[in-house]
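Here's the structure, in structure tokens; my notes come after.
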Amino acid sequence: MSLASETIRRRGSWAPARLVAGLLGGLLVAGFALPFAAFLWRAGSVALWETLAEPATQTAIRNSLLTAPVATGISTALGVPLAYVLARASFVGKRVVEALVILPLVVPPVVGGALLLSVVGRFTPIGAAAASAGVPLTDSLLGVILAQTFVAAPFVVITARAGFTAVDERLEQASRSLGHGPIATFTNVSLPLARGAIVAGIVLTFARATGEFGATMMVAYNPRTMPTQLWVAFISGGIDAIVPLAAALLAITLAVLALVRRVARVPTVVDA
Amino acid sequence: MLAAGSLAVVFEDHVGPAFEAETGTAVRGEYHGSTAVMRMITDDQKHPDVAVSADHRLLRDRLYERHTDWDVEFASNAVGLAYGPDTWIADRLAAGDPWYEVVRDAPAGDLAISDPALDPLGYRAVLAFRLAEREHGLDDFAAPALERAYREPEEPQLLADVETGNRAAAVAYRNMAVAHDLPFEPFPPAYSFADPDRAETYASASYTTTDGYVVTGAPIVYNATVLADAAAPAAGRQLVQFLATATDVLRENGLAVASFPRTHGAVPSGVLS
Amino acid sequence: MTGVERTHERTVVDRDGDETPALEVDELSHRYGRTRALADVSIAVAPGELIALLGPSGCGKTTLVQAIAGHLHPTAGQVALHGTTVTAVPPESRGVGVVFQQSTLYPHMTVAENVAYGLTAQGVPDETRAARVRRYLELVELAHLRAASPDALSGGQARRVELARALAPEPDVLVLDEPLSALDRRLRVRLRDEITRIQRTTGVTTLFVTHDQADAMAVADRLVVMRDGTVAATGTPRALYESPPNRFTARFLGRSNELAGRVVGDDVDGSADHALGSTARDGELDMVRVAIGEAAFVVPDTPPEADQVLVHVRPEAVRVAAAGADDDHGTSDRDGSDRDAEGGGPNADRDTTVSLGGTVARVADAGSRYDVHVSLDSAIAIDEGTETPRAADSPPTVTAECTRCRLATGDRVQVAFDGRDVSVFPRPTECADSGGAGGPGR
């Protein structure tokens with residue numbers, strides 16, 4: 001058989017596989033796209049800009065932009081080292097820690113909020129102490145950050161852990177033998193090589209924190225974040241009332257994704 | 001402030017901003033089903049200054065003694081059928097068919113009611129159906145109709161479903177239909193729970209909730225109180241006062257304000273005195 | 001800190017004993033859970049030496065490397081560098097460079113940055129650092145690739161960069177853990193020579209770990225052979241090759257023939273009969289008289305502690321000649337004067353040569369030589385697979401090397417070798433019978 005016909009035959013044998021992959025993937029994408037399409041179609045008939053200009057809306061947007069990045073920052077700062085420890089070390093009770101990390105993902109957000117309240121509620125020791133110190137943990141932006149961190153942090157921990165596990169331990173050993181201590185090794189070798197996974201985790205965490213509602217509703221219904229304000233608008237005025245806010249939420253998420261891509265120079269789920 | 005979901009529009013768009021404009025104090029409202037509101041307070045999960053209920057007896061039953069000893073009734077509402085303007089239900093009603101005939105013919109899932117376990121609106125639907133059965137001499141109407149109806153746990157979702165076309169109709173309050181711009185077919189006064197003089201008739205139907213609380217039919221009365229452990233009691237009382245006297249606003253939003261406001265219990269000075 | 005104390009006998013590899021070893025491992029043991037990886041291993045490496053650690057996979061070499069480099073805390077024993085105990089010291093403070101079997105070059109750094117990586121930890125100032133990087137890249141002849149990315153390098157180039165990286169901080173000890181195993185043969189030989197050259201140039205004390213005996217013997221000043229977590233033998237390559245101290249080492253270091261034999265009588269003049277072998281006399285070397293089948297000969301070696309023995313001889317030391325012809329094929333390399341020097345002329349009791357009859361079973365052409373496989377008449381060869389004597393119906397063979405003989409299958413031949421080329425080991429007994437010489441039944 002000649003080389004040319006061999007190549008053609010091989011190329012042909014790829015087609016069915018790609019077709020199947022395309023079909024399955026297409027179904028998922030359609031599942032995402034259709035609701036948005038239907039939603040945006042409604043947007044044409046709605047007073048978009050007026051609603052966005054309302055003070056309540058503006059406040060909600062501002063609150064979301066204040067809290068979600070902070071929650072993401074805390075999740076990353078605390079979560080990445082935890083992920084490293086989980087990836088490398090073994091210790092008594094590791095299974096318990098792993099289960100705790102996944103817990104906020106499994107539990108419905110509202111239940112998560114109730115759990116948080118049982119710890120930082122107004123009349124619990126911690127909550128009362130914080131309130132008297134002037135930094136209340138419920139019904140405040142701090143409370144919002146707390147709720148967002150609770151539900152969103154697992155994302156960055158899990159993805160970062162996968163990223164660290166994928167780094168061959170010998171690379172770290174080589175670094176140690178070359179004179180760098182454990183922290184320097186983490187900074188020079190593990191972190192850069194796991195960067196892609198960590199950035200993906202940060203993006204997921206931010207998205208989750210921004211969209212978080214259930215736990216926030218319990219711990220800090222007010223001051224309102226975009227999702228909470230969206231909910232109140234929904235209660236009040238139905239689907240049409242939420243179009244402007246939802247559009248704003250979508251726009252912000254896309255903007256953040258683009259920013260992350262540019263800064264981190266890493267392809268996230270949106271790759272061009 | 002924790003309030004019944006059906007008052008969301010009233011507070012967010014009207015009472016809230018007006019109150020703030022007049023007194024400089026912002027109203028931070030949270031809206032849930034009234035039963036959920038009461039539970040959150042009695043479970044010590046939330047600590048609002050003001051609680052507003054869509055069922056005056058519910059508030060008294062749950063909050064009196066431990067959390068408050070007074071309330072102000074400020075409005076009533078009518079229960080009826082809200083429906084999508086382009087549905088077969090709309091056509092039938094326009095043709096003059098009585099609502100119960102339409103409901104009887106509705107396939108399962110076309111009609112939605114609020115969840116009786118979570119929302120007074122839910123058990124009011126149940127009671128209305130039972131009263132209607134008696135009123136019109138209907139044979140075996142209530143039970144099957146309720147069986148076929150979908151129970152929506154989230155009250156706001158009720159009319160959203162009708163708006164989007166997910167459901168054809170829902171048993172809802174008039175003011176909700178007004179807020180959502182949906183056509184509304186009110187129940188006759190015999191079971192709309194809007195007439196305070198028909199308290200006895202309403203009381204002839206009863207419903208037992210899952211936690212054993214027996215509800216008998218009664219006129220719908222919205223009431224509000226300031227909780228004993230409120231962080232800002234003075235502002236709370238101001239809000240209740242404001243609410244009670246905002247009759248125009250309430251009426252415009254589909255609430256019934258005739259013969260309101262009324263006080264109950266040991267109302268503190270400064271509130272309707 | 002003081003050096004390690006020697007409290008009792010063990011296999012210690014030591015040079016002259018007067019200089020402090022650059023690296024010393026003392027009674028090192030390690031368990032993974034229940035599995036024992038190392039058992040009381042003790043090694044000493046003098047400064048500037050290149051020691052090859054040789055052994056089959058699973059013998060504990062990597063565990064030892066990890067313990068020496070500091071990536072593993074052994075369950076017992078000590079590691080010392082230049083006399084200082086470092087067992088509890090973390091890797092970054094030990095000054096032990098490591099090159100692993102797989103490449104550990106950092107893909108997110110250039111070649112030069114990789115080589116400089118160890119220097120940044122030491123706080124070496126920028127200029128010195130740049131000069132050092134250049135120097136070591138030149139040492140491995142890759143200065144022209146300083147700006148390249150590691151993925152652009154070939155296998156051999158990557159290995160050399162790793163070498164440069166490990167050497168640049170100028171460590172006390174360099175450990176190479178199977179550095180050539182991932183390379184093809186030609187590259188392996190080339191790189192092996194490179195490593196030797198670089199080691200001589202820098203003078204860094206080196207531990208070269210491998211399972212390949214050819215690599216080990218080509219580079220090492222001294223060999224340490226390991227088996228199942230313990231040291232089996234130590235010595236110079238030649239000494240271990242020619243006079244292996246135990247059967248495992250003998251078989252591991254090269255091709256071998258093993259014949260079943262027994263210790264017979266006493267060969268020292270004038271002594272009373274001893275049941276077992278001979279003992280050392282003043283002024284005389286150890287000797288033991290061994291018989292294979294009916295042929296007896298003397299082996300200059302410490303008598304083994306058994307009377308059933310294995311006689312080990314390498315194919316290149318076995319001469320084969322057609323029966324009846326005088327055996328001068330290859331005898332010329334044996335110096336007759338040695339024998340005479342032992343005291344008197346050839347003496348039956350002192351004769352170290354042995355000759356056995358047999359038939360050629362197969363002649364293999366190996367290019368540079370012939371391998372002649374001979375079925376022996378009387379001797380019993382040891383079946384390598386089962387380590388028990390073969391059944392009588394399966395003829396034993398001995399392999400001899402021969403460069404210019406013209407033999408064919410079926411030829412009657414005489415196979416001869418000298419006791420001085422032989423190592424004698426106790427024969428492992430079968431579990432079923434005690435001290436079994438074996439037999440047809442198993």
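Going through the structure tokens in order, the chains are called A, B, and so on, while each chain numbers its residues from 1 and the ligands are numbered from 1 in the order shown.
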
Determine, using only C-alpha atoms, which residues of chain A have any atom at most 6 Å from an atom of chain C, and tabulate each with its shortest atom pair and distance in Å to one decimal place, rows ordered by chain and then rising number, as a tab-separated table.
```
residue	atom	partner	partner_atom	distance
A:Leu171	CA	C:Thr104	CA	5.1
A:Arg176	CA	C:Glu92	CA	4.8
A:Ser177	CA	C:Pro91	CA	5.2
A:Leu178	CA	C:Gly118	CA	4.5
A:Gly179	CA	C:Glu92	CA	3.9
A:His180	CA	C:Glu92	CA	5.4
A:Gly181	CA	C:Glu92	CA	5.7
```

Can I get the selected residues back with N, CA and C atoms, as a compact mmCIF listing (two decimals), in the first residue's frame?
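Contents of the output file result.txt:
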```
# COMPACT_ATOMS: atom_id res chain seq x y z
N LEU A 171 11.04 15.85 40.63
CA LEU A 171 11.44 17.22 40.30
C LEU A 171 11.63 18.02 41.58
N ARG A 176 15.38 19.96 46.05
CA ARG A 176 15.89 19.89 47.42
C ARG A 176 17.38 19.54 47.41
N SER A 177 17.73 18.57 46.56
CA SER A 177 19.14 18.18 46.53
C SER A 177 20.02 19.29 45.97
N LEU A 178 19.42 20.21 45.24
CA LEU A 178 20.19 21.33 44.72
C LEU A 178 20.26 22.48 45.71
N GLY A 179 19.75 22.24 46.90
CA GLY A 179 19.97 23.22 47.95
C GLY A 179 18.76 24.05 48.36
N HIS A 180 17.63 23.86 47.69
CA HIS A 180 16.47 24.66 48.04
C HIS A 180 15.60 23.95 49.06
N GLY A 181 15.16 24.70 50.07
CA GLY A 181 14.34 24.13 51.11
C GLY A 181 12.93 23.83 50.60
```

Tell me, counting only C-alpha atoms, for each residue of chain A within 6 Å of chain B, which pair of atoms is nearest and how far apart they are in Å to one decimal, in rows ordered by chain and increasing number, as JSON lines.
```
{"residue": "A:Ile235", "atom": "CA", "partner": "B:Pro156", "partner_atom": "CA", "distance": 4.6}
{"residue": "A:Ser236", "atom": "CA", "partner": "B:Val9", "partner_atom": "CA", "distance": 4.6}
{"residue": "A:Gly237", "atom": "CA", "partner": "B:His180", "partner_atom": "CA", "distance": 5.5}
{"residue": "A:Gly238", "atom": "CA", "partner": "B:Ala160", "partner_atom": "CA", "distance": 5.2}
```

Exercise: region 76-86 of chain A partners within 6 Å, only C-alpha atoms, chain neighbours under 3 positions left out, as a ChimeraX atom specification: /A:73,89,157,160-161

Go ahead and write the selection's residues with N, CA, C and O atoms as a tab-separated table (two decimals), in the first residue's frame.
```tsv
chain	number	residue	atom	x	y	z
A	73	GLY	N	-9.85	35.27	46.75
A	73	GLY	CA	-8.50	35.46	47.25
A	73	GLY	C	-8.23	34.63	48.49
A	73	GLY	O	-7.20	33.96	48.60
A	89	ALA	N	1.60	14.98	51.35
A	89	ALA	CA	1.83	14.41	52.68
A	89	ALA	C	0.81	13.33	52.98
A	89	ALA	O	-0.27	13.28	52.41
A	157	VAL	N	-9.24	24.08	45.80
A	157	VAL	CA	-8.47	23.05	46.51
A	157	VAL	C	-8.37	21.79	45.65
A	157	VAL	O	-7.30	21.21	45.48
A	160	ALA	N	-6.28	22.46	42.36
A	160	ALA	CA	-4.87	22.66	42.66
A	160	ALA	C	-4.23	21.34	43.09
A	160	ALA	O	-3.09	21.04	42.72
A	161	ARG	N	-4.97	20.56	43.85
A	161	ARG	CA	-4.41	19.28	44.28
A	161	ARG	C	-4.09	18.40	43.09
A	161	ARG	O	-3.03	17.78	43.01
```

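Using only C-alpha atoms, the residues found no farther than 9 Å from region 133-139 of chain C, other than those of its own chain fewer than 4 positions away, are Ala112, Glu113, Val115, Ala116, Leu119, Thr128, Arg129, Ala143, His144, Leu145, Arg146, Arg160, Val161, Leu163, Ala164, Arg165, Leu167, Ala168, Ile198 and Thr201 of chain C.
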
Quick one: write out the picked residues with N, CA and C atoms as a PDB file, in the first residue's frame?
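Final file, result_8.pdb:
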```pdb
ATOM      1  N   ALA C 112      20.452  27.003  30.798  1.00  0.00           N
ATOM      2  CA  ALA C 112      21.325  27.771  31.687  1.00  0.00           C
ATOM      3  C   ALA C 112      20.660  28.006  33.042  1.00  0.00           C
ATOM      4  N   GLU C 113      19.376  28.292  33.028  1.00  0.00           N
ATOM      5  CA  GLU C 113      18.682  28.526  34.298  1.00  0.00           C
ATOM      6  C   GLU C 113      18.626  27.252  35.128  1.00  0.00           C
ATOM      7  N   VAL C 115      20.889  24.878  35.085  1.00  0.00           N
ATOM      8  CA  VAL C 115      22.214  24.661  35.663  1.00  0.00           C
ATOM      9  C   VAL C 115      22.461  25.646  36.801  1.00  0.00           C
ATOM     10  N   ALA C 116      21.937  26.843  36.665  1.00  0.00           N
ATOM     11  CA  ALA C 116      22.147  27.847  37.705  1.00  0.00           C
ATOM     12  C   ALA C 116      21.270  27.616  38.929  1.00  0.00           C
ATOM     13  N   LEU C 119      22.769  27.062  42.233  1.00  0.00           N
ATOM     14  CA  LEU C 119      23.613  28.161  42.702  1.00  0.00           C
ATOM     15  C   LEU C 119      22.785  29.262  43.342  1.00  0.00           C
ATOM     16  N   THR C 128      29.577  35.471  39.526  1.00  0.00           N
ATOM     17  CA  THR C 128      30.186  34.171  39.795  1.00  0.00           C
ATOM     18  C   THR C 128      29.285  33.066  39.268  1.00  0.00           C
ATOM     19  N   ARG C 129      28.008  33.295  39.467  1.00  0.00           N
ATOM     20  CA  ARG C 129      27.040  32.294  39.030  1.00  0.00           C
ATOM     21  C   ARG C 129      27.123  32.095  37.530  1.00  0.00           C
ATOM     22  N   ALA C 143      27.777  24.221  25.963  1.00  0.00           N
ATOM     23  CA  ALA C 143      27.679  25.660  26.177  1.00  0.00           C
ATOM     24  C   ALA C 143      26.819  26.324  25.106  1.00  0.00           C
ATOM     25  N   HIS C 144      26.784  25.725  23.939  1.00  0.00           N
ATOM     26  CA  HIS C 144      26.049  26.355  22.845  1.00  0.00           C
ATOM     27  C   HIS C 144      24.548  26.214  23.016  1.00  0.00           C
ATOM     28  N   LEU C 145      24.125  25.396  23.949  1.00  0.00           N
ATOM     29  CA  LEU C 145      22.682  25.199  24.128  1.00  0.00           C
ATOM     30  C   LEU C 145      22.133  25.900  25.363  1.00  0.00           C
ATOM     31  N   ARG C 146      22.898  26.863  25.879  1.00  0.00           N
ATOM     32  CA  ARG C 146      22.523  27.465  27.153  1.00  0.00           C
ATOM     33  C   ARG C 146      21.137  28.093  27.151  1.00  0.00           C
ATOM     34  N   ARG C 160      23.395  15.142  30.017  1.00  0.00           N
ATOM     35  CA  ARG C 160      24.601  15.931  30.290  1.00  0.00           C
ATOM     36  C   ARG C 160      24.262  17.237  30.997  1.00  0.00           C
ATOM     37  N   VAL C 161      23.149  17.826  30.604  1.00  0.00           N
ATOM     38  CA  VAL C 161      22.753  19.059  31.308  1.00  0.00           C
ATOM     39  C   VAL C 161      22.459  18.755  32.773  1.00  0.00           C
ATOM     40  N   LEU C 163      23.760  16.500  34.542  1.00  0.00           N
ATOM     41  CA  LEU C 163      25.055  16.309  35.184  1.00  0.00           C
ATOM     42  C   LEU C 163      25.640  17.674  35.550  1.00  0.00           C
ATOM     43  N   ALA C 164      25.599  18.578  34.581  1.00  0.00           N
ATOM     44  CA  ALA C 164      26.141  19.914  34.829  1.00  0.00           C
ATOM     45  C   ALA C 164      25.378  20.580  35.974  1.00  0.00           C
ATOM     46  N   ARG C 165      24.069  20.409  35.971  1.00  0.00           N
ATOM     47  CA  ARG C 165      23.255  21.035  37.018  1.00  0.00           C
ATOM     48  C   ARG C 165      23.613  20.502  38.391  1.00  0.00           C
ATOM     49  N   LEU C 167      26.428  19.192  39.269  1.00  0.00           N
ATOM     50  CA  LEU C 167      27.814  19.497  39.631  1.00  0.00           C
ATOM     51  C   LEU C 167      28.050  20.967  39.921  1.00  0.00           C
ATOM     52  N   ALA C 168      27.243  21.828  39.308  1.00  0.00           N
ATOM     53  CA  ALA C 168      27.503  23.264  39.430  1.00  0.00           C
ATOM     54  C   ALA C 168      27.600  23.759  40.879  1.00  0.00           C
ATOM     55  N   ILE C 198      34.447  13.296  33.406  1.00  0.00           N
ATOM     56  CA  ILE C 198      34.034  14.422  34.240  1.00  0.00           C
ATOM     57  C   ILE C 198      34.375  14.174  35.703  1.00  0.00           C
ATOM     58  N   THR C 201      37.971  14.794  36.151  1.00  0.00           N
ATOM     59  CA  THR C 201      38.299  16.219  36.066  1.00  0.00           C
ATOM     60  C   THR C 201      37.899  16.958  37.341  1.00  0.00           C
TER      61      THR C 201
END
```

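CA of Val126 (chain B) is found 17.7 Å from CA of Pro107 (chain B).
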
Exercise: Asp139 (chain B) partners within 12 Å, only C-alpha atoms, chain neighbours under 5 positions left out, as an MDAnalysis selection string: chainID B and resid 100:101 104 129:130 132:134 144:145

Can I get the selection written as a PDB file, in the first residue's frame, with N, CA, C and O atoms?
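Once written, part-v1.pdb looks like this:
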```pdb
ATOM      1  N   TYR B 100     -64.080  26.328  38.387  1.00  0.00           N
ATOM      2  CA  TYR B 100     -63.914  24.974  38.899  1.00  0.00           C
ATOM      3  C   TYR B 100     -64.121  23.936  37.785  1.00  0.00           C
ATOM      4  O   TYR B 100     -63.546  22.878  37.802  1.00  0.00           O
ATOM      5  N   GLU B 101     -64.964  24.303  36.803  1.00  0.00           N
ATOM      6  CA  GLU B 101     -65.099  23.418  35.648  1.00  0.00           C
ATOM      7  C   GLU B 101     -63.766  23.337  34.909  1.00  0.00           C
ATOM      8  O   GLU B 101     -63.319  22.265  34.505  1.00  0.00           O
ATOM      9  N   ARG B 104     -61.332  21.341  36.880  1.00  0.00           N
ATOM     10  CA  ARG B 104     -61.660  19.909  36.850  1.00  0.00           C
ATOM     11  C   ARG B 104     -61.155  19.272  35.576  1.00  0.00           C
ATOM     12  O   ARG B 104     -60.730  18.133  35.559  1.00  0.00           O
ATOM     13  N   PHE B 129     -60.536  25.189  47.753  1.00  0.00           N
ATOM     14  CA  PHE B 129     -61.094  24.097  46.962  1.00  0.00           C
ATOM     15  C   PHE B 129     -62.158  23.351  47.758  1.00  0.00           C
ATOM     16  O   PHE B 129     -63.224  22.999  47.248  1.00  0.00           O
ATOM     17  N   ARG B 130     -61.861  23.125  49.040  1.00  0.00           N
ATOM     18  CA  ARG B 130     -62.822  22.371  49.853  1.00  0.00           C
ATOM     19  C   ARG B 130     -64.107  23.169  50.061  1.00  0.00           C
ATOM     20  O   ARG B 130     -65.219  22.645  50.002  1.00  0.00           O
ATOM     21  N   ALA B 132     -65.212  25.468  48.048  1.00  0.00           N
ATOM     22  CA  ALA B 132     -65.901  25.553  46.753  1.00  0.00           C
ATOM     23  C   ALA B 132     -66.739  24.313  46.513  1.00  0.00           C
ATOM     24  O   ALA B 132     -67.865  24.389  45.992  1.00  0.00           O
ATOM     25  N   GLU B 133     -66.137  23.195  46.882  1.00  0.00           N
ATOM     26  CA  GLU B 133     -66.844  21.924  46.717  1.00  0.00           C
ATOM     27  C   GLU B 133     -68.194  21.966  47.421  1.00  0.00           C
ATOM     28  O   GLU B 133     -69.228  21.589  46.874  1.00  0.00           O
ATOM     29  N   ARG B 134     -68.139  22.465  48.658  1.00  0.00           N
ATOM     30  CA  ARG B 134     -69.373  22.560  49.447  1.00  0.00           C
ATOM     31  C   ARG B 134     -70.304  23.615  48.886  1.00  0.00           C
ATOM     32  O   ARG B 134     -71.500  23.417  48.740  1.00  0.00           O
ATOM     33  N   PRO B 144     -59.286  15.282  44.098  1.00  0.00           N
ATOM     34  CA  PRO B 144     -58.598  15.003  42.821  1.00  0.00           C
ATOM     35  C   PRO B 144     -57.930  16.239  42.204  1.00  0.00           C
ATOM     36  O   PRO B 144     -56.846  16.159  41.647  1.00  0.00           O
ATOM     37  N   ALA B 145     -58.598  17.369  42.330  1.00  0.00           N
ATOM     38  CA  ALA B 145     -58.014  18.586  41.751  1.00  0.00           C
ATOM     39  C   ALA B 145     -56.689  18.914  42.433  1.00  0.00           C
ATOM     40  O   ALA B 145     -55.688  19.260  41.781  1.00  0.00           O
TER      41      ALA B 145
END
```

Fewer than 4 positions away in the same chain doesn't count, so skip those; otherwise give me all residues within 10 Å of Leu191 (chain A), counting only C-alpha atoms, as an mmCIF file with N, CA, C and O atoms, in the first residue's frame.
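Resulting contents of result.cif:
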```cif
data_model
loop_
_atom_site.group_PDB
_atom_site.id
_atom_site.type_symbol
_atom_site.label_atom_id
_atom_site.label_comp_id
_atom_site.auth_asym_id
_atom_site.auth_seq_id
_atom_site.Cartn_x
_atom_site.Cartn_y
_atom_site.Cartn_z
ATOM 1 N N VAL A 80 -4.536 26.735 48.271
ATOM 2 C CA VAL A 80 -3.418 26.189 47.500
ATOM 3 C C VAL A 80 -2.415 25.465 48.405
ATOM 4 O O VAL A 80 -2.007 24.343 48.102
ATOM 5 N N PRO A 81 -2.003 26.043 49.536
ATOM 6 C CA PRO A 81 -1.118 25.277 50.429
ATOM 7 C C PRO A 81 -1.774 23.992 50.923
ATOM 8 O O PRO A 81 -1.131 22.942 50.984
ATOM 9 N N TYR A 84 -1.515 21.416 48.367
ATOM 10 C CA TYR A 84 -0.166 20.858 48.282
ATOM 11 C C TYR A 84 0.051 19.806 49.352
ATOM 12 O O TYR A 84 0.589 18.729 49.092
ATOM 13 N N ALA A 160 -6.282 22.459 42.360
ATOM 14 C CA ALA A 160 -4.866 22.657 42.663
ATOM 15 C C ALA A 160 -4.228 21.341 43.090
ATOM 16 O O ALA A 160 -3.087 21.044 42.724
ATOM 17 N N GLY A 163 -3.394 19.407 40.171
ATOM 18 C CA GLY A 163 -2.234 20.006 39.514
ATOM 19 C C GLY A 163 -0.936 19.627 40.185
ATOM 20 O O GLY A 163 0.049 19.288 39.535
ATOM 21 N N PHE A 164 -0.922 19.651 41.509
ATOM 22 C CA PHE A 164 0.302 19.303 42.233
ATOM 23 C C PHE A 164 0.627 17.827 42.094
ATOM 24 O O PHE A 164 1.785 17.438 41.975
ATOM 25 N N VAL A 167 2.667 16.882 39.176
ATOM 26 C CA VAL A 167 4.086 17.237 39.130
ATOM 27 C C VAL A 167 4.880 16.082 39.717
ATOM 28 O O VAL A 167 4.672 15.681 40.850
ATOM 29 N N THR A 185 11.306 25.199 47.171
ATOM 30 C CA THR A 185 10.954 24.197 46.158
ATOM 31 C C THR A 185 9.506 24.367 45.722
ATOM 32 O O THR A 185 9.192 24.313 44.540
ATOM 33 N N PHE A 186 8.644 24.590 46.694
ATOM 34 C CA PHE A 186 7.228 24.807 46.375
ATOM 35 C C PHE A 186 7.084 26.003 45.439
ATOM 36 O O PHE A 186 6.373 25.959 44.437
ATOM 37 N N THR A 187 7.778 27.079 45.759
ATOM 38 C CA THR A 187 7.648 28.304 44.973
ATOM 39 C C THR A 187 8.302 28.194 43.604
ATOM 40 O O THR A 187 7.774 28.688 42.613
ATOM 41 N N ARG A 195 0.667 25.574 37.639
ATOM 42 C CA ARG A 195 -0.009 26.854 37.439
ATOM 43 C C ARG A 195 -1.318 26.740 36.666
ATOM 44 O O ARG A 195 -2.327 27.320 37.045
ATOM 45 N N GLY A 196 -1.279 25.971 35.580
ATOM 46 C CA GLY A 196 -2.478 25.855 34.763
ATOM 47 C C GLY A 196 -3.670 25.393 35.570
ATOM 48 O O GLY A 196 -4.750 25.982 35.506
ATOM 49 N N ALA A 197 -3.467 24.334 36.337
ATOM 50 C CA ALA A 197 -4.566 23.789 37.132
ATOM 51 C C ALA A 197 -5.033 24.789 38.178
ATOM 52 O O ALA A 197 -6.225 24.935 38.433
ATOM 53 N N ILE A 198 -4.079 25.486 38.770
ATOM 54 C CA ILE A 198 -4.457 26.435 39.827
ATOM 55 C C ILE A 198 -5.275 27.575 39.252
ATOM 56 O O ILE A 198 -6.289 27.987 39.822
#
```

Sel. of strand (DSSP E or B) residues, region 105-156 of chain B, as an NGL selection string: :B and (111-114 or 150-152)

How would the residues just picked look written out with N, CA and C atoms as a PDB file, in the first residue's frame?
```pdb
ATOM      1  N   LEU B 111     -52.062  23.035  36.582  1.00  0.00           N
ATOM      2  CA  LEU B 111     -52.353  23.996  37.634  1.00  0.00           C
ATOM      3  C   LEU B 111     -51.311  23.859  38.735  1.00  0.00           C
ATOM      4  N   ALA B 112     -50.883  24.998  39.276  1.00  0.00           N
ATOM      5  CA  ALA B 112     -49.922  24.957  40.373  1.00  0.00           C
ATOM      6  C   ALA B 112     -50.509  25.620  41.595  1.00  0.00           C
ATOM      7  N   ILE B 113     -50.182  25.050  42.762  1.00  0.00           N
ATOM      8  CA  ILE B 113     -50.503  25.738  44.007  1.00  0.00           C
ATOM      9  C   ILE B 113     -49.223  25.844  44.814  1.00  0.00           C
ATOM     10  N   SER B 114     -49.206  26.771  45.769  1.00  0.00           N
ATOM     11  CA  SER B 114     -48.037  26.878  46.623  1.00  0.00           C
ATOM     12  C   SER B 114     -48.031  25.704  47.599  1.00  0.00           C
ATOM     13  N   TYR B 150     -49.755  20.816  40.837  1.00  0.00           N
ATOM     14  CA  TYR B 150     -48.339  20.744  41.199  1.00  0.00           C
ATOM     15  C   TYR B 150     -48.083  21.630  42.420  1.00  0.00           C
ATOM     16  N   ARG B 151     -47.335  21.080  43.409  1.00  0.00           N
ATOM     17  CA  ARG B 151     -47.057  21.877  44.593  1.00  0.00           C
ATOM     18  C   ARG B 151     -45.709  22.557  44.467  1.00  0.00           C
ATOM     19  N   GLU B 152     -45.718  23.852  44.373  1.00  0.00           N
ATOM     20  CA  GLU B 152     -44.503  24.629  44.159  1.00  0.00           C
ATOM     21  C   GLU B 152     -43.944  25.091  45.499  1.00  0.00           C
TER      22      GLU B 152
END
```

Two-atom distance - CA of Arg227 (chain C), CA of Ser42 (chain C) (Å):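 Value for the CA of Arg227 (chain C)-CA of Ser42 (chain C) distance: 13.3 Å.
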
Non-local contacts of region 84-88 of chain B (10 Å; only C-alpha atoms; under 2 positions in same chain excluded) as a list in words: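 Skipping anything fewer than 2 positions along the chain leaves Ala82, Ala90, Asp91, Arg92, Leu93, Ala94, Val102, Ala106, Leu159, Asp161, Val162, Glu163, Thr164, Gly165, Asn166, Arg167, Ala168, Ala169, Ala170, Asp181, Leu182, Pro183 and Phe184 of chain B.
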
Test item, helix (DSSP H, G or I) assignment across region 68-179 of chain A, answer as an NGL selection string: :A and (68-88 or 94-106 or 109-120 or 125-132 or 141-165 or 169-177)

CA of Val124 (chain C) to CA of Ala80 (chain C), distance in Å rounded to a single decimal: 25.7 Å
